[in-house]
Structure formats: C-alpha cells, structure tokens
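This report concerns only the one structure given below.
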Amino acid sequence: MYIVTAEEMYEIDRYAIEHGGIDGKILMENAGRAIAERIIKQEASYQSAAVLAGGGNNGGDGFVIARYLQQSGFEVKVFQLVPDQKLTSEALYHKKLFINHHGGVETDINVEMLRKDLPYYQLVIDAILGIGVKGAIRPNIKPFISLLNECNQKIISVDIPSGLPANESVQIDTAVKADHTYIVEAPKQSLFTEWGFPYYGEWEIVSIGVPKQAYHRKSFARRWERDDVIATLRKRDTFSHKGSHGKGVVIGGQQMMPGSVTLTASAALRAGAGLLTVATVKDNISIIAHKCTEAMYHVLEEQDGTIKENDVTPFRTFDGAAIGMGMGRDPVTAKFTQRLIHDLDIPVIVDADGLHHLKPILNKVGKRNYPLIITPHYGEMAMLTEYTIDRIKLSPMAIAKEFARKYQLYVVLKGKFTIITSPDGKQTVSDTGNAGLAKGGTGDVLSGVILAMVMQHSSHLEALCNACYIHGASADMRVKTGRNTEIDMLASDVIDGLSHVFHTLF
Ligand SMILES: NC(=O)C1=CN([C@@H]2O[C@H](COP(=O)(O)OP(=O)(O)OC[C@H]3O[C@@H](n4cnc5c(N)ncnc54)[C@H](O)[C@@H]3O)[C@@H](O)[C@H]2O)[C@@H](O)CC1
Ligand SMILES: [K+]
C-alpha cells in the first residue's frame with residue numbers, strides 16, 4: 001500500500017486522466033459509488049444520511065454518495081455549504097445528476113439551521129474538505145466542523161476528515177473527528193502521524209480505477225504489510241547449517257546492565273540468527289548465560305565496570321553487529337564504540353547509548369563500505385538532529401529522510417508508526433505494535449530482530465521492514481491471544497511471541 005502526499009495524489013489522478021483516459025467525473029463517480037456501496041453494506045442498520053458538501057471535488061464525491069445512498073433506499077439530503085459559483089465543474093456535474101435523480105439539496109444554510117436539521121439524520125457524511133485544504137480553515141466553514149464534532153451521529157469522512165492536512169509538517173487548525181474514513185485510492189501521510197491518526201477513526205481504502213502504472217513511475221512511500229513480509233522473509237533451506245543464517249555479535253552491557261544485551265541476544269536467536277556472541281564485561285556473563293543459554297561470549301576489557309578501549313579485530317569476523325545496548329555513556333566507552341563503527345566492515349546496528357557515541361562522528365559514517373543502521377526513538381532522534389521532539393513528531397518522514405540522506409545511513413525511527421528510511425531516501429512505515437511496547441527493553445528486542453534479519457537478507461531495507469513488522473506483530477499477538485495485556489506485557493514476552501508470528505507467516 002502506497003502512502004502519498006496531496007501533491008502525489010493529484011499527480012496520480014492526473015496520470016489516470018491524461019494517460020488512462022479516465023475523465024475526472026468518472027473518477028469522482030468511482031470514488032462516490034465505491035464509498036456508498038461500503039456504507040450500504042457496512043451500515044445496514046442506518047436509513048438516513050445528511051451529506052455536508054464543500055465546493056471542491058471532495059464535495060463532488062459527496063453528491064455521488066448521496067445519489068447512490070438514495071437509490072438504495074436511504075433518506076438523504078445534501079447540505080451544500082458554499083454557493084454554486086464555488087463548485088468545481090465536476091462537483092457541479094454530479095450535483096445536477098443528483099438533482100435529476102430527485103435528490104434534495106439545501107443551499108444558503110447557516111450553522112444554526114443545520115444544528116436543527118442534523119438530528120433527523122442517523123448518519124453524517126463529511127464531504128466538506130478533502131486534500132485540497134490550505135491554510136487556516138475559513139470562518140464560513142469552521143463552525144460546521146465544530147458542529148460535526150459536537151453532534152452525536154456517526155460521522156463518515158470522505159477521503160480525509162475535513163480540515164485535516166493530507167501532508168505531515170502542516171499544523172492542524174480545526175478538523176472533523178471522524179468515526180470512520182473511506183480513504184480514496186491511497187492513504188495520505190497524515191494517517192501515519194501521531195497527530196493525524198486519531199482524527200480518522202476506523203479507516204479503509206476504496207479504489208477508484210487508477211491504472212497501476214500511475215504508481216510505477218516514482219518511488220512513493222509504502223506501508224509494509226503482511227503480504228510484503230510473506231513475499232520477502234527468507235525461509236530456512238532444508239540443507240542449511242548454522243553458518244548459513246549469520247554469525248552475529250551484540251556489543252554492550254557495562255557492569256550492572258546485563259539486561260538489554262540479554263534481550264537483544266535472545267531476540268536475535270529467536271528471530272533466526274545462526275550463531276550469536278555477546279561481547280560484554282566479565283561479571284555480566286553468568287547472568288546473561290542464565291537467561292540465554294544458546295549465546296557465546298567475548299569478554300570486554302573494563303575499568304570499574306565501564307567498558308574500556310578494546311581491540312576491534314575479533315569483531316571483524318562476524319556477519320553483523322548490534323552495538324550500544326546498556327553500554328553506558330562514559331567517554332572511554334565512546335572511543336571504543338566510535339572505533340567499532342568506523343572499523344567494522346560488516347552491517348552495524350547502533351542503538352541506545354551507542355547513538356550518543358555516534359553523534360560526534362556522524363560526518364564520517366557515510367564512507368563505510370557496509371551499511372550503518374540506527375534505531376532511534378523520538379527522544380534519541382531529537383538528540384541526534386537537535387530538532388525538538390514536537391518538531392520531529394510534526395514531520396517525522398521528512399526529518400528521517402533528510403537525516404538518512406545526509407549521513408548515508410539507514411534510519412529506523414521508532415514509534416507507533418515506525419518509519420524506515422534507506423540512504424537513498426526510500427521510505428516505508430510499519431504500523432504493527434501497540435502501547436504495550438512503550439516499556440524499557442522493547443527497543444533492545446527490536447535491535448536483536450533487526451540483527452537476525454539483516455544478516456539473512458540481501459536487501460537491507462526489506463530486512464528492516466520485516467524486523468519492525470514482526471516485532472510489532474508479536475506484541476499484537478500477545479495481546480490478541482490473551483497472553484498479555486498492553487499493561488503487563490514485557491520485552492521478554494515480545495521475544496516469546498516471535499514464534500507465534502513466524503507460525504502465522506509460513
Ligand atoms: N480527480 C480528482 O482529483 C479526484 C478527486 N477526488 C476528491 O477530491 C478531493 C480533492 O479535491 P479538490 O482538490 O477540489 O480539493 P477539496 O475538495 O479538498 O477542497 C477544495 C475546496 O476547499 C476550499 N478550501 C481550501 N482550503 C480551505 C480552507 N482553509 N478553509 C475553507 N475552505 C478551504 C477551496 O476553496 C475549494 O473550494 C479529494 O480529497 C477527493 O475526495 C475524488 O473524487 C477522486 C478524483
Ligand atoms: K472530507
């Protein structure tokens with residue numbers, strides 16, 4: 001599934017019109033009919049609907065929906081919020097069609113009139129504004145949006161909740177809080193942002209007959225889904241041996257912090273790594289071994305429990321390294337970490353304390369022969385970029401892309417919507433997972449799954465997408481099957497859930 005900006009959506013529509021020969025009025029017909037059919041099927045208990053139509057093509061979709069709902073027996077009225085002169089030619093065409101089919105349209109209405117009329121209808125269809133919204137919501141429209149947010153009826157938004165920007169990086173003024181949104185053709189960026197998502201309510205996509213080639217010309221962002229994982233996840237070959245699945249190393253864990261490396265190592269093994277070594281300080285080893293019997297160990301030189309400078313040569317023989325978990329932020333440890341990042345010619349994943357050590361040498365990492373993968377959450381991304389967390393939340397895709405391109409690394413920006421970006425700017429979003437993951441240790445687990453996937457897959461981007469999907473799916477599965485709730489789920493439960501996820505994928 002592609003994720004688009006408003007401009008990209010217009011480009012796709014244009015392609016359908018210019019190259020596919022589909023008239024704009026037909027696209028509107030397709031959109032409105034598809035949405036009406038879903039409403040008729042899914043909202044079978046409703047018999048009446050008020051359609052609020054704006055002047056753009058979103059309003060035009062509203063007229064088509066009204067016509068089909070009326071045909072199926074709904075009592076329908078369209079409340080047209082702007083005069084005819086403001087209607088696009090396509091919207092005007094479909095208004096006329098609706099009237100020809102004896103549809104009722106109310107114009108010249110104000111918010112008080114609508115407040116009185118609305119209770120007569122069971123459903124409210126919000127076709128006021130679509131992806132063409134620009135700037136602050138005008139005073140002639142704003143009160144209608146407020147009215148919808150006050151009313152008790154079920155609100156169904158067409159394409160996007162009116163007033164909500166399609167693109168990230170745009171501040172919300174006022175927007176409809178929908179119960180359900182039928183998204184036309186492709187989800188817009190704001191669906192996968194923390195600030196935009198709550199406005200959509202439940203959501204689903206309706207196709208409007210755009211030729212597939214419209215998507216092939218450009219690399220649009222994508223949502224990574226179950227089918228993508230099934231298509232790309234490497235299955236185990238009958239004749240494979242442990243060496244075929246990657247020999248990984250997890251480097252971290254200063255004294256008193258054995259937990260995070262344990263989680264990373266266990267997750268890597270559970271996610272299919274062939275061999276796994278933990279490089280940590282001596283006193284941690286017996287503790288880790290107690291939890292993760294399958295791992296091997298490499299003792300790191302330390303001073304009073306702090307990891308010192310160590311020889312990096314032994315780590316060159318591995319197929320991948322995850323660095324930074326429980327590592328501590330001591331300057332001596334920083335030197336060692338920086339040398340690992342600089343010298344290791346293998347895929348390296350840097351997380352947690354490792355990200356703090358990485359920051360001063362960011363300008364040098366683009367020259368590495370093998371990929372560097374960083375897995376910051378919003379706080380760590382703020383530390384790395386010096387943007388505020390709020391600023392990153394407003395534009396997560398743009399900021400992740402800017403960073404990945406500038407420093408030529410893979411960025412896994414962790415959150416409810418995890419954004420995975422490759423050095424050339426390709427982006428995917430993984431939205432599996434739940435609030436149970438908002439707990440210490442889950443990031444360590446993700447790093448382990450990433451390590452296992454990266455070592456076994458030739459495409460780093462696909463490996464990262466699969467890791468994020470599977471990690472979140474495990475958390476979802478734990479809750480769905482009643483093994484945990486979002487409250488009590490622990491990072492180690494997410495490791496235990498991986499097995500269940502793999503079962504469902506093969
Ligand atoms: N061919 C196409 O482009 C298709 C478009 N479709 C629909 O058309 C929508 C996009 O249509 P449009 O580009 O006409 O845009 P919209 O329908 O989103 O809105 C444009 C209208 O809103 C007004 N407006 C913009 N900013 C405003 C603000 N801040 N306050 C108040 N009013 C404001 C404009 O004056 C204009 O009348 C999509 O969301 C989708 O629903 C679908 O029918 C499928 C085909
Ligand atoms: K809308």
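FYI, nothing fancy with the structure tokens labels: chains A, B, ... in order, residues from 1 per chain, ligands from 1 as they appear.
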Sorted by chain and rising residue number, which residues of chain A lie within 6 Å of ligand 1, and what are their closest atom pairs and distances in Å to one decimal, counting only C-alpha atoms and all ligand atoms, as a Markdown table?
```
| residue | atom | partner | partner_atom_place_in_ligand_line | distance |
| --- | --- | --- | --- | --- |
| A:Tyr10 | CA | ligand 1 | 3 (O) | 5.7 |
| A:Asp13 | CA | ligand 1 | 1 (N) | 5.3 |
| A:Gly24 | CA | ligand 1 | 1 (N) | 4.5 |
| A:Leu27 | CA | ligand 1 | 45 (C) | 4.7 |
| A:Met28 | CA | ligand 1 | 43 (O) | 3.6 |
| A:Ala31 | CA | ligand 1 | 43 (O) | 5.6 |
| A:Gly55 | CA | ligand 1 | 37 (O) | 4.1 |
| A:Gly56 | CA | ligand 1 | 17 (O) | 3.3 |
| A:Asn57 | CA | ligand 1 | 8 (O) | 3.7 |
| A:Asn58 | CA | ligand 1 | 41 (O) | 3.6 |
| A:Gly59 | CA | ligand 1 | 17 (O) | 5.8 |
| A:Asp61 | CA | ligand 1 | 43 (O) | 5.1 |
| A:Leu129 | CA | ligand 1 | 18 (O) | 4.2 |
| A:Gly130 | CA | ligand 1 | 18 (O) | 2.9 |
| A:Ile131 | CA | ligand 1 | 39 (O) | 4.2 |
| A:Gly132 | CA | ligand 1 | 15 (O) | 3.4 |
| A:Val133 | CA | ligand 1 | 26 (N) | 3.5 |
| A:Lys134 | CA | ligand 1 | 26 (N) | 3.9 |
| A:Gly135 | CA | ligand 1 | 29 (N) | 4.7 |
| A:Ala136 | CA | ligand 1 | 29 (N) | 4.6 |
| A:Ile137 | CA | ligand 1 | 29 (N) | 3.6 |
| A:Arg138 | CA | ligand 1 | 30 (N) | 3.9 |
| A:Ile141 | CA | ligand 1 | 31 (C) | 5.5 |
| A:Val158 | CA | ligand 1 | 41 (O) | 6.0 |
| A:Asp159 | CA | ligand 1 | 41 (O) | 4.9 |
```
Could those selected residues go to a file with N, CA and C atoms, as a PDB file, in the first residue's frame?
```pdb
ATOM      1  N   TYR A  10      -2.569  14.111  -6.410  1.00  0.00           N
ATOM      2  CA  TYR A  10      -3.033  14.852  -7.604  1.00  0.00           C
ATOM      3  C   TYR A  10      -2.305  14.344  -8.861  1.00  0.00           C
ATOM      4  N   ASP A  13      -3.879  11.114  -9.878  1.00  0.00           N
ATOM      5  CA  ASP A  13      -5.168  11.397 -10.529  1.00  0.00           C
ATOM      6  C   ASP A  13      -4.939  11.915 -11.954  1.00  0.00           C
ATOM      7  N   GLY A  24     -12.185  13.022 -15.166  1.00  0.00           N
ATOM      8  CA  GLY A  24     -12.267  13.353 -13.739  1.00  0.00           C
ATOM      9  C   GLY A  24     -13.639  13.052 -13.150  1.00  0.00           C
ATOM     10  N   LEU A  27     -13.761   9.426 -12.341  1.00  0.00           N
ATOM     11  CA  LEU A  27     -13.028   9.121 -11.100  1.00  0.00           C
ATOM     12  C   LEU A  27     -13.889   9.470  -9.892  1.00  0.00           C
ATOM     13  N   MET A  28     -14.566  10.596  -9.993  1.00  0.00           N
ATOM     14  CA  MET A  28     -15.438  11.024  -8.895  1.00  0.00           C
ATOM     15  C   MET A  28     -16.596  10.046  -8.722  1.00  0.00           C
ATOM     16  N   ALA A  31     -15.226   6.984  -7.059  1.00  0.00           N
ATOM     17  CA  ALA A  31     -14.960   7.203  -5.626  1.00  0.00           C
ATOM     18  C   ALA A  31     -16.273   7.189  -4.843  1.00  0.00           C
ATOM     19  N   GLY A  55     -17.115  22.951  -1.639  1.00  0.00           N
ATOM     20  CA  GLY A  55     -17.121  23.340  -3.049  1.00  0.00           C
ATOM     21  C   GLY A  55     -16.141  22.585  -3.939  1.00  0.00           C
ATOM     22  N   GLY A  56     -15.192  21.858  -3.332  1.00  0.00           N
ATOM     23  CA  GLY A  56     -14.179  21.167  -4.133  1.00  0.00           C
ATOM     24  C   GLY A  56     -14.654  19.793  -4.578  1.00  0.00           C
ATOM     25  N   ASN A  57     -13.707  19.015  -5.079  1.00  0.00           N
ATOM     26  CA  ASN A  57     -14.064  17.681  -5.555  1.00  0.00           C
ATOM     27  C   ASN A  57     -14.444  16.737  -4.425  1.00  0.00           C
ATOM     28  N   ASN A  58     -14.011  17.040  -3.218  1.00  0.00           N
ATOM     29  CA  ASN A  58     -14.461  16.234  -2.083  1.00  0.00           C
ATOM     30  C   ASN A  58     -15.977  16.373  -1.932  1.00  0.00           C
ATOM     31  N   GLY A  59     -16.452  17.594  -2.082  1.00  0.00           N
ATOM     32  CA  GLY A  59     -17.908  17.824  -2.074  1.00  0.00           C
ATOM     33  C   GLY A  59     -18.566  17.082  -3.226  1.00  0.00           C
ATOM     34  N   ASP A  61     -17.610  14.252  -4.533  1.00  0.00           N
ATOM     35  CA  ASP A  61     -17.763  12.856  -4.081  1.00  0.00           C
ATOM     36  C   ASP A  61     -19.032  12.733  -3.243  1.00  0.00           C
ATOM     37  N   LEU A 129     -14.256  19.121   3.070  1.00  0.00           N
ATOM     38  CA  LEU A 129     -12.919  19.421   2.536  1.00  0.00           C
ATOM     39  C   LEU A 129     -12.138  18.120   2.370  1.00  0.00           C
ATOM     40  N   GLY A 130     -11.388  18.042   1.289  1.00  0.00           N
ATOM     41  CA  GLY A 130     -10.535  16.871   1.067  1.00  0.00           C
ATOM     42  C   GLY A 130      -9.085  17.260   1.162  1.00  0.00           C
ATOM     43  N   ILE A 131      -8.307  16.748   0.239  1.00  0.00           N
ATOM     44  CA  ILE A 131      -6.864  17.001   0.310  1.00  0.00           C
ATOM     45  C   ILE A 131      -6.481  18.386  -0.225  1.00  0.00           C
ATOM     46  N   GLY A 132      -7.483  19.132  -0.672  1.00  0.00           N
ATOM     47  CA  GLY A 132      -7.203  20.468  -1.211  1.00  0.00           C
ATOM     48  C   GLY A 132      -7.218  21.561  -0.153  1.00  0.00           C
ATOM     49  N   VAL A 133      -7.365  21.187   1.110  1.00  0.00           N
ATOM     50  CA  VAL A 133      -7.419  22.211   2.164  1.00  0.00           C
ATOM     51  C   VAL A 133      -6.073  22.929   2.270  1.00  0.00           C
ATOM     52  N   LYS A 134      -6.173  24.247   2.414  1.00  0.00           N
ATOM     53  CA  LYS A 134      -4.927  25.041   2.516  1.00  0.00           C
ATOM     54  C   LYS A 134      -5.084  26.085   3.613  1.00  0.00           C
ATOM     55  N   GLY A 135      -4.068  26.220   4.440  1.00  0.00           N
ATOM     56  CA  GLY A 135      -4.048  27.287   5.437  1.00  0.00           C
ATOM     57  C   GLY A 135      -5.106  27.105   6.515  1.00  0.00           C
ATOM     58  N   ALA A 136      -5.333  28.191   7.263  1.00  0.00           N
ATOM     59  CA  ALA A 136      -6.310  28.138   8.356  1.00  0.00           C
ATOM     60  C   ALA A 136      -7.710  27.939   7.775  1.00  0.00           C
ATOM     61  N   ILE A 137      -8.553  27.208   8.479  1.00  0.00           N
ATOM     62  CA  ILE A 137      -9.912  26.953   7.994  1.00  0.00           C
ATOM     63  C   ILE A 137     -10.704  28.263   8.007  1.00  0.00           C
ATOM     64  N   ARG A 138     -11.342  28.560   6.851  1.00  0.00           N
ATOM     65  CA  ARG A 138     -12.026  29.849   6.725  1.00  0.00           C
ATOM     66  C   ARG A 138     -13.238  29.921   7.650  1.00  0.00           C
ATOM     67  N   ILE A 141     -16.515  28.061   7.063  1.00  0.00           N
ATOM     68  CA  ILE A 141     -16.510  26.592   7.150  1.00  0.00           C
ATOM     69  C   ILE A 141     -16.273  26.096   8.590  1.00  0.00           C
ATOM     70  N   VAL A 158     -15.161  11.486   3.986  1.00  0.00           N
ATOM     71  CA  VAL A 158     -14.816  11.077   2.622  1.00  0.00           C
ATOM     72  C   VAL A 158     -13.363  11.474   2.353  1.00  0.00           C
ATOM     73  N   ASP A 159     -12.544  10.503   2.092  1.00  0.00           N
ATOM     74  CA  ASP A 159     -11.117  10.644   1.785  1.00  0.00           C
ATOM     75  C   ASP A 159     -10.267  11.030   2.995  1.00  0.00           C
TER      76      ASP A 159
END
```
Close residues, Tyr215 in chain A itself excluded, 12 Å, only C-alpha atoms, min 2 positions apart in chain, as a PyMOL selection string: chain A and resi 1-4+8-9+11-16+185-186+210-213+217-222
Output the selection as a PDB file, in the first residue's frame - C-alpha atoms for each residue.
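Heads up, here's the output in result-v5.pdb:
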```pdb
ATOM      1  CA  MET A   1       0.000   0.000   0.000  1.00  0.00           C
ATOM      2  CA  TYR A   2       1.409   3.385  -1.011  1.00  0.00           C
ATOM      3  CA  ILE A   3       1.397   6.434   1.257  1.00  0.00           C
ATOM      4  CA  VAL A   4       1.098   9.736  -0.583  1.00  0.00           C
ATOM      5  CA  GLU A   8       1.470  12.985  -5.214  1.00  0.00           C
ATOM      6  CA  MET A   9      -2.236  12.088  -5.102  1.00  0.00           C
ATOM      7  CA  GLU A  11      -0.210  13.551  -9.790  1.00  0.00           C
ATOM      8  CA  ILE A  12      -1.702  10.037  -9.677  1.00  0.00           C
ATOM      9  CA  ASP A  13      -5.168  11.397 -10.529  1.00  0.00           C
ATOM     10  CA  ARG A  14      -3.655  13.387 -13.379  1.00  0.00           C
ATOM     11  CA  TYR A  15      -1.964  10.289 -14.741  1.00  0.00           C
ATOM     12  CA  ALA A  16      -5.304   8.430 -14.677  1.00  0.00           C
ATOM     13  CA  GLU A 185      -7.175   5.306  -3.517  1.00  0.00           C
ATOM     14  CA  ALA A 186      -4.151   5.716  -1.209  1.00  0.00           C
ATOM     15  CA  VAL A 210      -6.425   4.377 -11.315  1.00  0.00           C
ATOM     16  CA  PRO A 211      -4.107   2.439 -13.679  1.00  0.00           C
ATOM     17  CA  LYS A 212      -1.351   0.620 -11.741  1.00  0.00           C
ATOM     18  CA  GLN A 213       1.280   2.339 -13.926  1.00  0.00           C
ATOM     19  CA  ARG A 217       6.910   5.871 -12.193  1.00  0.00           C
ATOM     20  CA  LYS A 218       8.114   7.038  -8.835  1.00  0.00           C
ATOM     21  CA  SER A 219       9.186   5.588  -5.552  1.00  0.00           C
ATOM     22  CA  PHE A 220       6.295   6.505  -3.288  1.00  0.00           C
ATOM     23  CA  ALA A 221       6.475   5.753   0.419  1.00  0.00           C
ATOM     24  CA  ARG A 222       4.833   2.471   1.355  1.00  0.00           C
TER      25      ARG A 222
END
```
Residue nearest ligand 2 among A:Val249, A:Ile155, A:Ile361, A:Leu409 (counting only C-alpha atoms and all ligand atoms):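 With only C-alpha atoms and all ligand atoms as the atom set, the closest residue is A:Ile155.
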As a short mmCIF file (atom, residue, chain, number, x, y, z; two decimals) with N, CA and C atoms, in the first residue's frame, which residues of range 44-273 of chain A does DSSP assign to strand (DSSP E)?
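part.cif, written as the output of this step:
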```cif
data_model
loop_
_atom_site.label_atom_id
_atom_site.label_comp_id
_atom_site.auth_asym_id
_atom_site.auth_seq_id
_atom_site.Cartn_x
_atom_site.Cartn_y
_atom_site.Cartn_z
N SER A 48 -30.95 6.83 7.11
CA SER A 48 -30.95 8.22 6.65
C SER A 48 -29.56 8.83 6.81
N ALA A 49 -29.26 9.78 5.91
CA ALA A 49 -27.93 10.40 5.97
C ALA A 49 -27.99 11.85 5.53
N ALA A 50 -27.25 12.68 6.26
CA ALA A 50 -27.05 14.07 5.85
C ALA A 50 -25.65 14.15 5.26
N VAL A 51 -25.56 14.69 4.03
CA VAL A 51 -24.25 14.82 3.40
C VAL A 51 -23.87 16.29 3.42
N LEU A 52 -22.73 16.62 4.04
CA LEU A 52 -22.26 18.01 4.05
C LEU A 52 -21.22 18.15 2.95
N ALA A 53 -21.54 19.00 1.96
CA ALA A 53 -20.67 19.09 0.79
C ALA A 53 -20.02 20.47 0.70
N GLU A 75 -32.95 7.80 3.18
CA GLU A 75 -33.47 9.17 3.09
C GLU A 75 -32.23 10.08 3.17
N VAL A 76 -32.02 10.88 2.14
CA VAL A 76 -30.76 11.64 2.05
C VAL A 76 -31.02 13.11 1.78
N LYS A 77 -30.24 13.97 2.39
CA LYS A 77 -30.23 15.37 1.96
C LYS A 77 -28.78 15.85 1.91
N VAL A 78 -28.49 16.65 0.86
CA VAL A 78 -27.15 17.26 0.79
C VAL A 78 -27.24 18.70 1.30
N PHE A 79 -26.40 19.03 2.24
CA PHE A 79 -26.29 20.41 2.71
C PHE A 79 -25.05 21.00 2.05
N GLN A 80 -25.30 21.88 1.09
CA GLN A 80 -24.19 22.45 0.31
C GLN A 80 -23.72 23.73 1.00
N GLY A 104 -32.47 15.87 -2.93
CA GLY A 104 -32.71 17.15 -2.26
C GLY A 104 -31.41 17.81 -1.84
N VAL A 105 -31.25 19.08 -2.27
CA VAL A 105 -30.04 19.82 -1.89
C VAL A 105 -30.46 21.10 -1.19
N GLU A 106 -29.90 21.34 -0.05
CA GLU A 106 -30.19 22.56 0.71
C GLU A 106 -29.00 23.50 0.55
N LEU A 123 -26.92 9.22 9.96
CA LEU A 123 -25.51 9.25 9.57
C LEU A 123 -25.15 10.64 9.06
N VAL A 124 -23.92 11.06 9.31
CA VAL A 124 -23.46 12.32 8.72
C VAL A 124 -22.26 12.01 7.82
N ILE A 125 -22.38 12.39 6.55
CA ILE A 125 -21.28 12.16 5.61
C ILE A 125 -20.51 13.48 5.47
N ASP A 126 -19.26 13.43 5.81
CA ASP A 126 -18.43 14.64 5.81
C ASP A 126 -17.66 14.74 4.49
N ALA A 127 -18.21 15.54 3.57
CA ALA A 127 -17.54 15.79 2.28
C ALA A 127 -17.29 17.29 2.13
N LYS A 154 -23.11 9.16 13.93
CA LYS A 154 -21.88 8.57 13.39
C LYS A 154 -21.39 9.43 12.23
N ILE A 155 -20.13 9.78 12.24
CA ILE A 155 -19.59 10.64 11.18
C ILE A 155 -18.68 9.83 10.27
N ILE A 156 -19.02 9.87 8.99
CA ILE A 156 -18.21 9.18 8.00
C ILE A 156 -17.53 10.22 7.13
N SER A 157 -16.21 10.24 7.15
CA SER A 157 -15.49 11.23 6.33
C SER A 157 -15.11 10.63 4.98
N VAL A 158 -15.16 11.49 3.99
CA VAL A 158 -14.82 11.08 2.62
C VAL A 158 -13.36 11.47 2.35
N HIS A 180 -15.33 7.06 11.05
CA HIS A 180 -14.88 6.15 10.01
C HIS A 180 -14.47 7.00 8.80
N THR A 181 -13.36 6.66 8.18
CA THR A 181 -12.95 7.41 6.99
C THR A 181 -12.73 6.43 5.84
N TYR A 182 -13.38 6.74 4.72
CA TYR A 182 -13.13 5.98 3.49
C TYR A 182 -12.09 6.76 2.70
N ILE A 183 -10.89 6.25 2.67
CA ILE A 183 -9.78 6.95 2.01
C ILE A 183 -9.79 6.62 0.53
N VAL A 184 -9.73 7.65 -0.30
CA VAL A 184 -9.78 7.44 -1.74
C VAL A 184 -8.40 7.03 -2.27
N GLU A 202 -11.94 4.63 12.40
CA GLU A 202 -11.59 3.45 11.61
C GLU A 202 -11.37 3.88 10.18
N TRP A 203 -10.52 3.21 9.47
CA TRP A 203 -10.26 3.66 8.10
C TRP A 203 -10.15 2.48 7.15
N GLU A 204 -10.51 2.74 5.92
CA GLU A 204 -10.29 1.74 4.87
C GLU A 204 -10.11 2.48 3.54
N ILE A 205 -9.53 1.72 2.60
CA ILE A 205 -9.20 2.33 1.30
C ILE A 205 -10.25 1.91 0.28
N VAL A 206 -10.68 2.84 -0.56
CA VAL A 206 -11.51 2.46 -1.71
C VAL A 206 -10.73 2.76 -3.00
N ALA A 221 6.33 6.43 -0.87
CA ALA A 221 6.47 5.75 0.42
C ALA A 221 5.45 4.62 0.48
N ARG A 222 5.74 3.62 1.27
CA ARG A 222 4.83 2.47 1.36
C ARG A 222 4.56 2.08 2.79
N ARG A 223 3.43 1.47 3.00
CA ARG A 223 3.15 0.83 4.29
C ARG A 223 3.59 -0.62 4.13
N LYS A 247 26.33 -15.00 11.60
CA LYS A 247 27.07 -15.10 12.86
C LYS A 247 27.11 -13.67 13.42
N GLY A 248 26.29 -13.42 14.42
CA GLY A 248 26.14 -12.04 14.89
C GLY A 248 26.81 -11.80 16.22
N VAL A 249 27.08 -10.53 16.49
CA VAL A 249 27.63 -10.17 17.80
C VAL A 249 26.86 -8.97 18.37
N VAL A 250 26.58 -9.06 19.65
CA VAL A 250 25.93 -7.96 20.36
C VAL A 250 26.98 -7.38 21.30
N ILE A 251 27.28 -6.10 21.15
CA ILE A 251 28.36 -5.50 21.94
C ILE A 251 27.77 -4.42 22.86
#
```
Test item: residues at most 12 Å from Ala435 in chain A, only C-alpha atoms, excluding those fewer than 4 positions along its chain, as a PyMOL selection string: chain A and resi 415-417+431+439+442+472+475-476+479+484-490
Counting only C-alpha atoms, the option among A:Val365, A:Thr277, A:Val412, A:Ala289 closest to Pro314 in chain A: A:Thr277
Non-local contacts of Ile26 in chain A (10 Å; only C-alpha atoms; under 2 positions in same chain excluded) as number ranges by chain: A: 17, 22-24, 28-32, 90, 208-209
Would you write out those residues with C-alpha atoms, as a tab-separated table (two decimals), in the first residue's frame?
```
chain	number	residue	atom	x	y	z
A	17	ILE	CA	-6.94	11.30	-16.56
A	22	ILE	CA	-10.46	8.34	-17.39
A	23	ASP	CA	-12.39	11.57	-17.13
A	24	GLY	CA	-12.27	13.35	-13.74
A	28	MET	CA	-15.44	11.02	-8.90
A	29	GLU	CA	-18.23	8.63	-9.81
A	30	ASN	CA	-15.95	5.69	-8.97
A	31	ALA	CA	-14.96	7.20	-5.63
A	32	GLY	CA	-18.50	8.11	-4.59
A	90	GLU	CA	-17.03	18.01	-11.72
A	208	ILE	CA	-11.23	4.27	-7.97
A	209	GLY	CA	-9.77	2.59	-11.04
```
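Considering only C-alpha atoms, the residue among A:Thr337, A:Ser169, A:Gln456, A:Gln153 positioned nearest to Tyr120 in chain A is A:Gln153.
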